[in-house]
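Next comes protein-v1.cif, a file with mmCIF, C-alpha atoms and all ligand atoms.
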data_coords
loop_
_atom_site.group_PDB
_atom_site.id
_atom_site.type_symbol
_atom_site.label_atom_id
_atom_site.label_comp_id
_atom_site.auth_asym_id
_atom_site.auth_seq_id
_atom_site.Cartn_x
_atom_site.Cartn_y
_atom_site.Cartn_z
ATOM 1 C CA MET A 12 12.780 -13.151 -2.592
ATOM 2 C CA SER A 13 9.059 -12.714 -3.010
ATOM 3 C CA VAL A 14 6.578 -10.525 -1.187
ATOM 4 C CA LEU A 15 3.280 -11.895 0.081
ATOM 5 C CA ILE A 16 0.577 -9.241 -0.011
ATOM 6 C CA VAL A 17 -2.904 -9.406 1.509
ATOM 7 C CA GLY A 18 -5.414 -6.581 1.293
ATOM 8 C CA SER A 19 -8.454 -5.479 -0.666
ATOM 9 C CA THR A 20 -8.903 -6.544 -4.273
ATOM 10 C CA ALA A 21 -11.608 -4.166 -5.382
ATOM 11 C CA LEU A 22 -13.597 -2.375 -7.998
ATOM 12 C CA ASP A 23 -13.199 1.384 -7.482
ATOM 13 C CA SER A 24 -15.587 4.036 -8.757
ATOM 14 C CA ILE A 25 -13.711 7.335 -8.640
ATOM 15 C CA LYS A 26 -14.956 10.857 -9.123
ATOM 16 C CA THR A 27 -12.648 13.858 -9.532
ATOM 17 C CA PRO A 28 -13.621 17.437 -10.444
ATOM 18 C CA LYS A 29 -12.610 16.621 -14.040
ATOM 19 C CA ALA A 30 -13.870 13.069 -14.643
ATOM 20 C CA GLU A 31 -15.700 10.062 -13.343
ATOM 21 C CA ASN A 32 -14.570 6.451 -13.812
ATOM 22 C CA PRO A 33 -16.678 3.529 -12.609
ATOM 23 C CA ARG A 34 -15.484 0.050 -11.620
ATOM 24 C CA LEU A 35 -11.760 0.394 -12.216
ATOM 25 C CA LEU A 36 -9.399 -2.237 -10.859
ATOM 26 C CA GLY A 37 -8.467 -1.068 -7.365
ATOM 27 C CA GLY A 38 -7.990 -2.132 -3.782
ATOM 28 C CA SER A 39 -5.019 -1.748 -1.462
ATOM 29 C CA ALA A 40 -3.565 -5.146 -2.427
ATOM 30 C CA SER A 41 -3.955 -4.559 -6.181
ATOM 31 C CA HIS A 42 -2.092 -1.237 -6.040
ATOM 32 C CA ALA A 43 0.589 -2.623 -3.723
ATOM 33 C CA ALA A 44 1.050 -5.823 -5.740
ATOM 34 C CA VAL A 45 1.493 -4.068 -9.074
ATOM 35 C CA ALA A 46 3.952 -1.594 -7.492
ATOM 36 C CA ALA A 47 5.983 -4.388 -5.863
ATOM 37 C CA SER A 48 6.019 -6.411 -9.086
ATOM 38 C CA PHE A 49 8.505 -3.992 -10.702
ATOM 39 C CA PHE A 50 11.136 -5.199 -8.236
ATOM 40 C CA SER A 51 10.382 -8.725 -7.035
ATOM 41 C CA PRO A 52 7.958 -11.661 -7.424
ATOM 42 C CA VAL A 53 4.607 -11.087 -5.700
ATOM 43 C CA LYS A 54 2.031 -13.465 -4.222
ATOM 44 C CA LEU A 55 -1.426 -11.944 -3.840
ATOM 45 C CA ILE A 56 -3.970 -12.988 -1.198
ATOM 46 C CA GLY A 57 -7.476 -11.682 -1.805
ATOM 47 C CA VAL A 58 -10.957 -12.504 -2.988
ATOM 48 C CA VAL A 59 -13.123 -11.372 -5.882
ATOM 49 C CA GLY A 60 -16.734 -12.053 -6.844
ATOM 50 C CA GLU A 61 -18.324 -13.345 -10.005
ATOM 51 C CA ASP A 62 -18.581 -9.797 -11.366
ATOM 52 C CA PHE A 63 -14.766 -9.345 -11.439
ATOM 53 C CA PRO A 64 -13.787 -8.635 -15.065
ATOM 54 C CA LYS A 65 -11.472 -11.204 -16.687
ATOM 55 C CA ARG A 66 -9.321 -8.417 -18.110
ATOM 56 C CA TYR A 67 -8.338 -7.458 -14.550
ATOM 57 C CA LEU A 68 -7.134 -11.015 -13.913
ATOM 58 C CA GLN A 69 -5.093 -10.696 -17.112
ATOM 59 C CA LEU A 70 -3.616 -7.463 -15.814
ATOM 60 C CA TYR A 71 -2.376 -9.177 -12.614
ATOM 61 C CA LYS A 72 -0.938 -11.949 -14.781
ATOM 62 C CA ARG A 73 0.889 -9.504 -17.042
ATOM 63 C CA HIS A 74 2.711 -8.370 -13.914
ATOM 64 C CA ARG A 75 3.568 -12.004 -13.118
ATOM 65 C CA ILE A 76 1.628 -11.772 -9.846
ATOM 66 C CA ASP A 77 1.056 -15.222 -8.339
ATOM 67 C CA LEU A 78 -2.728 -15.680 -8.095
ATOM 68 C CA GLN A 79 -2.864 -19.027 -6.253
ATOM 69 C CA GLY A 80 -4.076 -17.131 -3.186
ATOM 70 C CA LEU A 81 -6.726 -15.112 -5.048
ATOM 71 C CA GLN A 82 -10.105 -16.763 -4.524
ATOM 72 C CA MET A 83 -13.167 -16.287 -6.673
ATOM 73 C CA MET A 84 -16.360 -16.625 -4.636
ATOM 74 C CA PRO A 85 -20.070 -16.420 -5.434
ATOM 75 C CA GLY A 86 -21.228 -12.862 -4.770
ATOM 76 C CA LYS A 87 -19.976 -9.374 -5.490
ATOM 77 C CA THR A 88 -16.443 -8.001 -5.529
ATOM 78 C CA PHE A 89 -15.539 -5.412 -2.874
ATOM 79 C CA HIS A 90 -16.721 -2.082 -4.300
ATOM 80 C CA TRP A 91 -15.421 1.273 -3.078
ATOM 81 C CA SER A 92 -16.380 4.683 -4.349
ATOM 82 C CA GLY A 93 -14.766 8.016 -3.539
ATOM 83 C CA GLU A 94 -14.940 11.636 -4.612
ATOM 84 C CA TYR A 95 -12.097 14.178 -4.596
ATOM 85 C CA GLU A 96 -12.368 17.885 -3.927
ATOM 86 C CA ALA A 97 -10.739 20.406 -6.286
ATOM 87 C CA ASN A 98 -7.442 20.302 -4.335
ATOM 88 C CA MET A 99 -7.180 16.534 -5.118
ATOM 89 C CA ASN A 100 -6.152 15.878 -1.513
ATOM 90 C CA ASN A 101 -9.417 15.835 0.382
ATOM 91 C CA ARG A 102 -11.429 12.733 -0.386
ATOM 92 C CA ARG A 103 -14.881 11.626 0.654
ATOM 93 C CA THR A 104 -15.862 7.955 0.669
ATOM 94 C CA LEU A 105 -19.230 7.646 -1.041
ATOM 95 C CA LEU A 106 -19.688 3.899 -0.701
ATOM 96 C CA THR A 107 -18.010 0.785 0.692
ATOM 97 C CA GLU A 108 -19.577 -2.564 -0.180
ATOM 98 C CA LEU A 109 -17.526 -5.382 1.335
ATOM 99 C CA GLY A 110 -19.193 -8.058 -0.806
ATOM 100 C CA VAL A 111 -17.214 -11.311 -0.753
ATOM 101 C CA PHE A 112 -14.710 -9.825 1.746
ATOM 102 C CA GLU A 113 -17.360 -10.089 4.456
ATOM 103 C CA THR A 114 -16.744 -13.826 4.905
ATOM 104 C CA PHE A 115 -13.195 -14.107 3.574
ATOM 105 C CA THR A 116 -10.950 -16.221 5.837
ATOM 106 C CA PRO A 117 -8.238 -17.557 3.530
ATOM 107 C CA THR A 118 -6.117 -20.645 4.087
ATOM 108 C CA LEU A 119 -2.745 -19.916 2.558
ATOM 109 C CA PRO A 120 -1.228 -22.460 0.181
ATOM 110 C CA ALA A 121 1.771 -24.193 1.838
ATOM 111 C CA SER A 122 4.066 -22.565 -0.743
ATOM 112 C CA HIS A 123 3.019 -19.122 0.563
ATOM 113 C CA GLN A 124 3.587 -19.675 4.274
ATOM 114 C CA LYS A 125 7.362 -19.337 4.171
ATOM 115 C CA ASP A 126 7.638 -16.042 2.335
ATOM 116 C CA PRO A 127 10.082 -13.747 4.137
ATOM 117 C CA PHE A 128 8.463 -10.416 3.237
ATOM 118 C CA VAL A 129 4.836 -9.882 4.231
ATOM 119 C CA LEU A 130 2.757 -6.819 3.469
ATOM 120 C CA LEU A 131 -0.542 -6.593 5.327
ATOM 121 C CA ALA A 132 -2.051 -3.890 3.116
ATOM 122 C CA ASN A 133 -5.107 -1.961 4.263
ATOM 123 C CA ILE A 134 -7.940 -4.316 5.223
ATOM 124 C CA ALA A 135 -9.667 -5.357 8.476
ATOM 125 C CA PRO A 136 -7.038 -5.993 11.195
ATOM 126 C CA SER A 137 -8.731 -9.349 11.983
ATOM 127 C CA LEU A 138 -7.906 -10.505 8.444
ATOM 128 C CA GLN A 139 -4.357 -9.137 8.745
ATOM 129 C CA HIS A 140 -3.977 -11.246 11.952
ATOM 130 C CA HIS A 141 -5.489 -14.285 10.257
ATOM 131 C CA VAL A 142 -2.923 -14.181 7.446
ATOM 132 C CA LEU A 143 0.004 -13.441 9.747
ATOM 133 C CA ASN A 144 -0.981 -16.413 11.970
ATOM 134 C CA GLN A 145 -0.279 -18.711 9.028
ATOM 135 C CA MET A 146 3.170 -17.356 8.203
ATOM 136 C CA GLN A 147 6.211 -19.296 9.378
ATOM 137 C CA ARG A 148 8.807 -16.938 10.841
ATOM 138 C CA PRO A 149 8.692 -14.149 8.244
ATOM 139 C CA LYS A 150 11.714 -11.858 8.070
ATOM 140 C CA PHE A 151 9.949 -8.502 7.707
ATOM 141 C CA VAL A 152 6.255 -7.800 8.278
ATOM 142 C CA VAL A 153 4.750 -4.408 7.473
ATOM 143 C CA ALA A 154 1.119 -3.284 7.802
ATOM 144 C CA ASP A 155 -0.885 -0.349 6.545
ATOM 145 C CA THR A 156 -4.290 0.760 7.835
ATOM 146 C CA MET A 157 -6.967 3.455 7.528
ATOM 147 C CA ASP A 158 -9.163 5.645 9.730
ATOM 148 C CA LEU A 159 -12.076 3.187 9.495
ATOM 149 C CA TRP A 160 -10.149 0.507 11.434
ATOM 150 C CA LEU A 161 -8.980 3.042 14.017
ATOM 151 C CA ASN A 162 -12.663 3.830 14.528
ATOM 152 C CA ILE A 163 -14.203 0.350 14.560
ATOM 153 C CA ALA A 164 -11.394 -2.166 15.232
ATOM 154 C CA LEU A 165 -8.844 -0.391 17.442
ATOM 155 C CA PRO A 166 -8.279 -3.290 19.916
ATOM 156 C CA ASP A 167 -7.462 -5.657 17.000
ATOM 157 C CA LEU A 168 -5.182 -3.068 15.444
ATOM 158 C CA LEU A 169 -3.301 -2.479 18.712
ATOM 159 C CA LYS A 170 -2.748 -6.236 19.047
ATOM 160 C CA LEU A 171 -1.457 -6.331 15.476
ATOM 161 C CA LEU A 172 1.022 -3.508 16.114
ATOM 162 C CA LYS A 173 2.819 -5.698 18.663
ATOM 163 C CA ARG A 174 3.471 -8.288 15.930
ATOM 164 C CA LEU A 175 4.853 -5.968 13.266
ATOM 165 C CA ASP A 176 8.324 -4.935 12.169
ATOM 166 C CA GLY A 177 6.971 -1.917 10.328
ATOM 167 C CA PHE A 178 3.813 0.177 10.363
ATOM 168 C CA VAL A 179 2.781 2.708 7.732
ATOM 169 C CA LEU A 180 0.010 5.254 8.217
ATOM 170 C CA ASN A 181 -0.823 8.769 7.114
ATOM 171 C CA ASP A 182 -0.497 11.889 9.213
ATOM 172 C CA SER A 183 -4.193 12.228 10.079
ATOM 173 C CA GLU A 184 -4.307 8.563 11.163
ATOM 174 C CA ALA A 185 -1.175 9.084 13.280
ATOM 175 C CA HIS A 186 -2.921 12.014 14.955
ATOM 176 C CA GLN A 187 -6.055 9.915 15.501
ATOM 177 C CA LEU A 188 -4.007 7.077 17.030
ATOM 178 C CA THR A 189 -1.791 9.152 19.315
ATOM 179 C CA SER A 190 -3.630 12.494 19.803
ATOM 180 C CA GLU A 191 -0.294 14.145 18.933
ATOM 181 C CA ASP A 192 -0.173 17.094 16.527
ATOM 182 C CA ASN A 193 3.598 16.894 16.226
ATOM 183 C CA VAL A 194 4.682 14.170 13.812
ATOM 184 C CA PHE A 195 7.874 13.331 15.751
ATOM 185 C CA ALA A 196 5.977 13.008 19.013
ATOM 186 C CA ALA A 197 3.488 10.738 17.208
ATOM 187 C CA LEU A 198 6.325 8.562 15.830
ATOM 188 C CA LYS A 199 7.730 8.124 19.351
ATOM 189 C CA LYS A 200 4.347 7.059 20.710
ATOM 190 C CA ILE A 201 3.749 4.591 17.867
ATOM 191 C CA HIS A 202 7.118 2.895 18.494
ATOM 192 C CA LYS A 203 5.953 2.245 22.040
ATOM 193 C CA LEU A 204 2.984 0.319 20.598
ATOM 194 C CA GLY A 205 5.343 -2.203 18.966
ATOM 195 C CA PRO A 206 6.844 -1.568 15.513
ATOM 196 C CA LYS A 207 10.575 -0.921 15.107
ATOM 197 C CA TYR A 208 10.029 0.989 11.870
ATOM 198 C CA VAL A 209 7.242 3.578 11.659
ATOM 199 C CA ILE A 210 6.514 5.570 8.516
ATOM 200 C CA ILE A 211 4.120 8.506 8.502
ATOM 201 C CA LYS A 212 2.928 9.492 5.022
ATOM 202 C CA LYS A 213 2.212 13.127 4.296
ATOM 203 C CA GLY A 214 0.695 12.903 0.805
ATOM 204 C CA SER A 215 2.315 15.281 -1.667
ATOM 205 C CA HIS A 216 4.777 16.316 1.077
ATOM 206 C CA GLY A 217 6.460 12.904 1.207
ATOM 207 C CA SER A 218 6.911 10.707 4.256
ATOM 208 C CA ILE A 219 8.998 10.356 7.412
ATOM 209 C CA LEU A 220 10.624 7.183 8.651
ATOM 210 C CA SER A 221 11.640 6.567 12.227
ATOM 211 C CA GLY A 222 13.690 3.398 12.708
ATOM 212 C CA PRO A 223 16.774 1.942 14.388
ATOM 213 C CA GLY A 224 18.962 4.072 12.082
ATOM 214 C CA GLY A 225 17.174 7.292 13.075
ATOM 215 C CA PHE A 226 14.898 9.481 10.978
ATOM 216 C CA PHE A 227 14.673 9.722 7.221
ATOM 217 C CA ILE A 228 12.767 12.420 5.378
ATOM 218 C CA CYS A 229 11.581 10.928 2.077
ATOM 219 C CA PRO A 230 10.469 13.424 -0.566
ATOM 220 C CA ALA A 231 7.498 13.050 -2.869
ATOM 221 C CA TYR A 232 8.286 13.472 -6.563
ATOM 222 C CA PRO A 233 7.047 16.947 -7.592
ATOM 223 C CA LEU A 234 4.030 16.489 -9.868
ATOM 224 C CA HIS A 235 2.509 19.367 -11.781
ATOM 225 C CA LYS A 236 -0.746 17.546 -12.382
ATOM 226 C CA VAL A 237 -2.513 14.936 -10.279
ATOM 227 C CA VAL A 238 -5.162 12.952 -12.137
ATOM 228 C CA ASP A 239 -6.188 10.546 -9.349
ATOM 229 C CA PRO A 240 -4.245 9.901 -6.129
ATOM 230 C CA THR A 241 -6.231 6.765 -5.227
ATOM 231 C CA GLY A 242 -3.835 3.992 -4.282
ATOM 232 C CA ALA A 243 -0.766 6.232 -3.984
ATOM 233 C CA GLY A 244 -0.198 5.133 -0.372
ATOM 234 C CA ASP A 245 -0.568 1.478 -1.336
ATOM 235 C CA SER A 246 1.805 1.923 -4.289
ATOM 236 C CA PHE A 247 4.331 3.568 -1.968
ATOM 237 C CA VAL A 248 4.380 0.713 0.530
ATOM 238 C CA GLY A 249 4.147 -1.942 -2.221
ATOM 239 C CA GLY A 250 7.083 -0.452 -4.116
ATOM 240 C CA MET A 251 9.063 -0.188 -0.889
ATOM 241 C CA MET A 252 8.452 -3.833 0.036
ATOM 242 C CA GLY A 253 9.219 -5.054 -3.497
ATOM 243 C CA TYR A 254 12.505 -3.159 -3.461
ATOM 244 C CA LEU A 255 13.438 -4.474 0.009
ATOM 245 C CA ALA A 256 12.705 -8.075 -1.006
ATOM 246 C CA ALA A 257 15.039 -7.740 -3.986
ATOM 247 C CA ALA A 258 17.851 -5.865 -2.230
ATOM 248 C CA PRO A 259 20.757 -7.833 -0.787
ATOM 249 C CA GLY A 260 21.818 -6.948 2.750
ATOM 250 C CA VAL A 261 20.019 -5.804 5.859
ATOM 251 C CA ILE A 262 16.754 -3.859 6.050
ATOM 252 C CA ASP A 263 18.285 -0.933 7.893
ATOM 253 C CA ASP A 264 20.799 -0.317 5.089
ATOM 254 C CA ASN A 265 18.148 -0.529 2.352
ATOM 255 C CA ILE A 266 14.964 0.975 3.719
ATOM 256 C CA ARG A 267 15.719 4.604 2.823
ATOM 257 C CA ARG A 268 16.371 3.812 -0.817
ATOM 258 C CA ALA A 269 13.354 1.475 -0.784
ATOM 259 C CA MET A 270 11.169 4.388 0.355
ATOM 260 C CA ILE A 271 12.482 6.537 -2.506
ATOM 261 C CA TYR A 272 11.544 3.816 -5.014
ATOM 262 C CA GLY A 273 8.102 3.501 -3.376
ATOM 263 C CA SER A 274 7.665 7.263 -3.538
ATOM 264 C CA VAL A 275 8.496 7.281 -7.247
ATOM 265 C CA VAL A 276 6.042 4.475 -8.086
ATOM 266 C CA ALA A 277 3.379 6.368 -6.084
ATOM 267 C CA SER A 278 4.024 9.480 -8.175
ATOM 268 C CA PHE A 279 3.279 7.557 -11.358
ATOM 269 C CA CYS A 280 0.122 6.152 -9.762
ATOM 270 C CA CYS A 281 -1.214 9.718 -9.298
ATOM 271 C CA GLU A 282 -0.787 10.475 -13.013
ATOM 272 C CA GLY A 283 -3.634 8.246 -14.151
ATOM 273 C CA PHE A 284 -6.957 6.902 -12.930
ATOM 274 C CA GLY A 285 -6.772 3.741 -10.828
ATOM 275 C CA LEU A 286 -3.905 1.582 -12.041
ATOM 276 C CA VAL A 287 -3.894 2.927 -15.600
ATOM 277 C CA ARG A 288 -0.552 4.746 -15.396
ATOM 278 C CA THR A 289 1.186 2.358 -12.990
ATOM 279 C CA THR A 290 0.594 -0.645 -15.205
ATOM 280 C CA LYS A 291 2.398 1.084 -18.100
ATOM 281 C CA LEU A 292 5.523 1.707 -16.058
ATOM 282 C CA THR A 293 8.955 0.291 -16.782
ATOM 283 C CA ARG A 294 11.889 -0.056 -14.436
ATOM 284 C CA SER A 295 13.916 2.390 -16.503
ATOM 285 C CA LYS A 296 11.222 5.079 -16.078
ATOM 286 C CA VAL A 297 11.280 4.440 -12.324
ATOM 287 C CA LYS A 298 15.086 4.745 -12.266
ATOM 288 C CA GLN A 299 14.949 8.000 -14.196
ATOM 289 C CA ARG A 300 12.681 9.607 -11.573
ATOM 290 C CA VAL A 301 14.795 8.199 -8.735
ATOM 291 C CA LYS A 302 17.787 9.978 -10.312
ATOM 292 C CA GLU A 303 15.801 13.211 -10.551
ATOM 293 C CA LEU A 304 14.828 12.946 -6.879
ATOM 294 C CA GLU A 305 18.495 12.417 -6.004
ATOM 295 C CA ARG A 306 19.383 15.568 -7.919
ATOM 296 C CA LEU A 307 16.564 17.553 -6.296
ATOM 297 C CA THR A 308 17.550 16.635 -2.743
ATOM 298 C CA ARG A 309 21.359 16.643 -2.955
ATOM 299 C CA PHE A 310 23.378 19.291 -1.148
ATOM 300 C CA ASP A 311 26.845 19.528 0.327
HETATM 301 P P1 LIG B 401 -5.343 4.927 -0.730
HETATM 302 O O1 LIG B 401 -5.657 5.925 -1.799
HETATM 303 O O2 LIG B 401 -3.890 4.554 -0.671
HETATM 304 O O3 LIG B 401 -5.913 5.310 0.586
HETATM 305 O O4 LIG B 401 -6.073 3.564 -1.130
HETATM 306 C C1 LIG B 401 -7.255 3.524 -1.863
HETATM 307 C C2 LIG B 401 -7.681 2.075 -2.040
HETATM 308 O O5 LIG B 401 -8.178 1.584 -0.786
HETATM 309 C C3 LIG B 401 -8.808 1.934 -3.030
HETATM 310 O O6 LIG B 401 -8.337 1.221 -4.157
HETATM 311 C C4 LIG B 401 -9.910 1.188 -2.285
HETATM 312 O O7 LIG B 401 -10.442 0.097 -3.000
HETATM 313 C C5 LIG B 401 -9.243 0.719 -1.021
HETATM 314 N N1 LIG B 401 -10.143 0.793 0.136
HETATM 315 C C6 LIG B 401 -11.051 1.754 0.422
HETATM 316 N N2 LIG B 401 -11.709 1.476 1.574
HETATM 317 C C7 LIG B 401 -11.202 0.292 2.026
HETATM 318 C C8 LIG B 401 -11.447 -0.552 3.162
HETATM 319 N N3 LIG B 401 -12.381 -0.247 4.067
HETATM 320 N N4 LIG B 401 -10.704 -1.675 3.303
HETATM 321 C C9 LIG B 401 -9.762 -1.992 2.389
HETATM 322 N N5 LIG B 401 -9.492 -1.256 1.303
HETATM 323 C C10 LIG B 401 -10.188 -0.132 1.108
#

Translate the structure of the given file into structure tokens.
Amino acid sequence: MSVLIVGSTALDSIKTPKAENPRLLGGSASHAAVAASFFSPVKLIGVVGEDFPKRYLQLYKRHRIDLQGLQMMPGKTFHWSGEYEANMNNRRTLLTELGVFETFTPTLPASHQKDPFVLLANIAPSLQHHVLNQMQRPKFVVADTMDLWLNIALPDLLKLLKRLDGFVLNDSEAHQLTSEDNVFAALKKIHKLGPKYVIIKKGSHGSILSGPGGFFICPAYPLHKVVDPTGAGDSFVGGMMGYLAAAPGVIDDNIRRAMIYGSVVASFCCEGFGLVRTTKLTRSKVKQRVKELERLTRFD
């Protein structure tokens, strides 16, 4: 089964203490789509401007990502720029230029409206609603978000939460949304806002799922060197959704393993700038790290 993914398709200019890389392929949907593509077919919904390099379109195509829902419009591609502190965790946004996303209200091709797995990757909640409105009875809908939308579009986001099966956010966003310092108290409060499955990401400390089957503590793969963590959260949720779409059986039986696969793809993402490392991945390399994680977390 395929995964439909909407979110930002961007050019990212990223600065770390060691290097600076302008106008890399980025965006929440790009990271999520490439991650999901290792497991299942992906349909991308997004928009780019006339300045979007052709080689980036080729990159999507190499991952067999369906681009029928990717529009090219007159104007500039979404451009985001961020700078990391020495610890590679704290990040400052230097610039966000919405460009062609400012007026983007896509009409989904008929072939896209019946996809069972829908990932509303980080983008304005109004656009996440707009896409979800066009889907015909999807099986599993998950959304991601960021602090910006909690600040400027909270009513839209709260309405969206009521329509979701799953919601993924990081620990500082969970605190912002619930005013809870304790992650388990925050999970409980977020369930009350709608989603059956809530995942709180904790960066290099992994993530925690709360769902019908109880809690699951998902580890992060231990990395000795982080080159650029941009897109790790998107790769995590993209990998998870791709795995779920490909796995036979019910969500509740598969979601823990799906999170492990997402976590592993996210670890590769951190080992290169932008999508450089992720795009060189193979399924066997993913499986190898999944095995290592199994070994590192097993006890009896
Ligand atoms: P992450 O590191 O998982 O938080 O995701 C980083 C990605 O989010 C980058 O590739 C950016 O292009 C994208 N991004 C940054 N700001 C926004 C925004 N306001 N809306 C959508 N995507 C964004």

(message) Would you pick out the contacts of Pro206 (chain A) at 7 Å or less, using all atoms listed in the file, so that residues sharing its chain but fewer than 6 positions from it are not included, and give the list as a PyMOL selection string?
(response) chain A and resi 172-173+175-178

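Minimum distance to Pro149 (chain A) across A:Leu130, A:Ala97, A:Leu198, A:Ala277 (counting all atoms listed in the file) occurs at A:Leu130.
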
Written as an mmCIF file with C-alpha atoms, in the coordinates of the input, what is the full residue list that the PyMOL selection byres (((chain A and resi 201-203) around 9) and not hetatm) yields on the file shown?
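Result saved to result39.cif:
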data_model
loop_
_atom_site.group_PDB
_atom_site.id
_atom_site.type_symbol
_atom_site.label_atom_id
_atom_site.label_comp_id
_atom_site.auth_asym_id
_atom_site.auth_seq_id
_atom_site.Cartn_x
_atom_site.Cartn_y
_atom_site.Cartn_z
ATOM 1 C CA LEU A 172 1.022 -3.508 16.114
ATOM 2 C CA PHE A 178 3.813 0.177 10.363
ATOM 3 C CA ALA A 185 -1.175 9.084 13.280
ATOM 4 C CA LEU A 188 -4.007 7.077 17.030
ATOM 5 C CA THR A 189 -1.791 9.152 19.315
ATOM 6 C CA ALA A 196 5.977 13.008 19.013
ATOM 7 C CA ALA A 197 3.488 10.738 17.208
ATOM 8 C CA LEU A 198 6.325 8.562 15.830
ATOM 9 C CA LYS A 199 7.730 8.124 19.351
ATOM 10 C CA LYS A 200 4.347 7.059 20.710
ATOM 11 C CA LEU A 204 2.984 0.319 20.598
ATOM 12 C CA GLY A 205 5.343 -2.203 18.966
ATOM 13 C CA PRO A 206 6.844 -1.568 15.513
ATOM 14 C CA LYS A 207 10.575 -0.921 15.107
ATOM 15 C CA TYR A 208 10.029 0.989 11.870
ATOM 16 C CA VAL A 209 7.242 3.578 11.659
ATOM 17 C CA SER A 221 11.640 6.567 12.227
ATOM 18 C CA GLY A 222 13.690 3.398 12.708
#

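Between Gly224 (chain A) and the residues A:Lys65, A:Arg267, A:Lys236, A:Arg148, the shortest atom-to-atom distance, using all atoms listed in the file, involves A:Arg267.
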
(request) List all protein, DNA and RNA residues that have at least one atom no more than 6 Å from any atom of ligand LIG 401 (chain B), counting all atoms listed in the file, and write them as a ChimeraX atom specification. (result) /A:19,21,23,37-39,91,133-134,241-245

(message) When the PyMOL selection byres (((chain A and resi 156-160) around 9) and not hetatm) is applied to the structure above, which residues does it catch, written out as a PyMOL selection string?
(response) chain A and resi 131-136+154-155+161-165+167-168+178-181+183-184+187
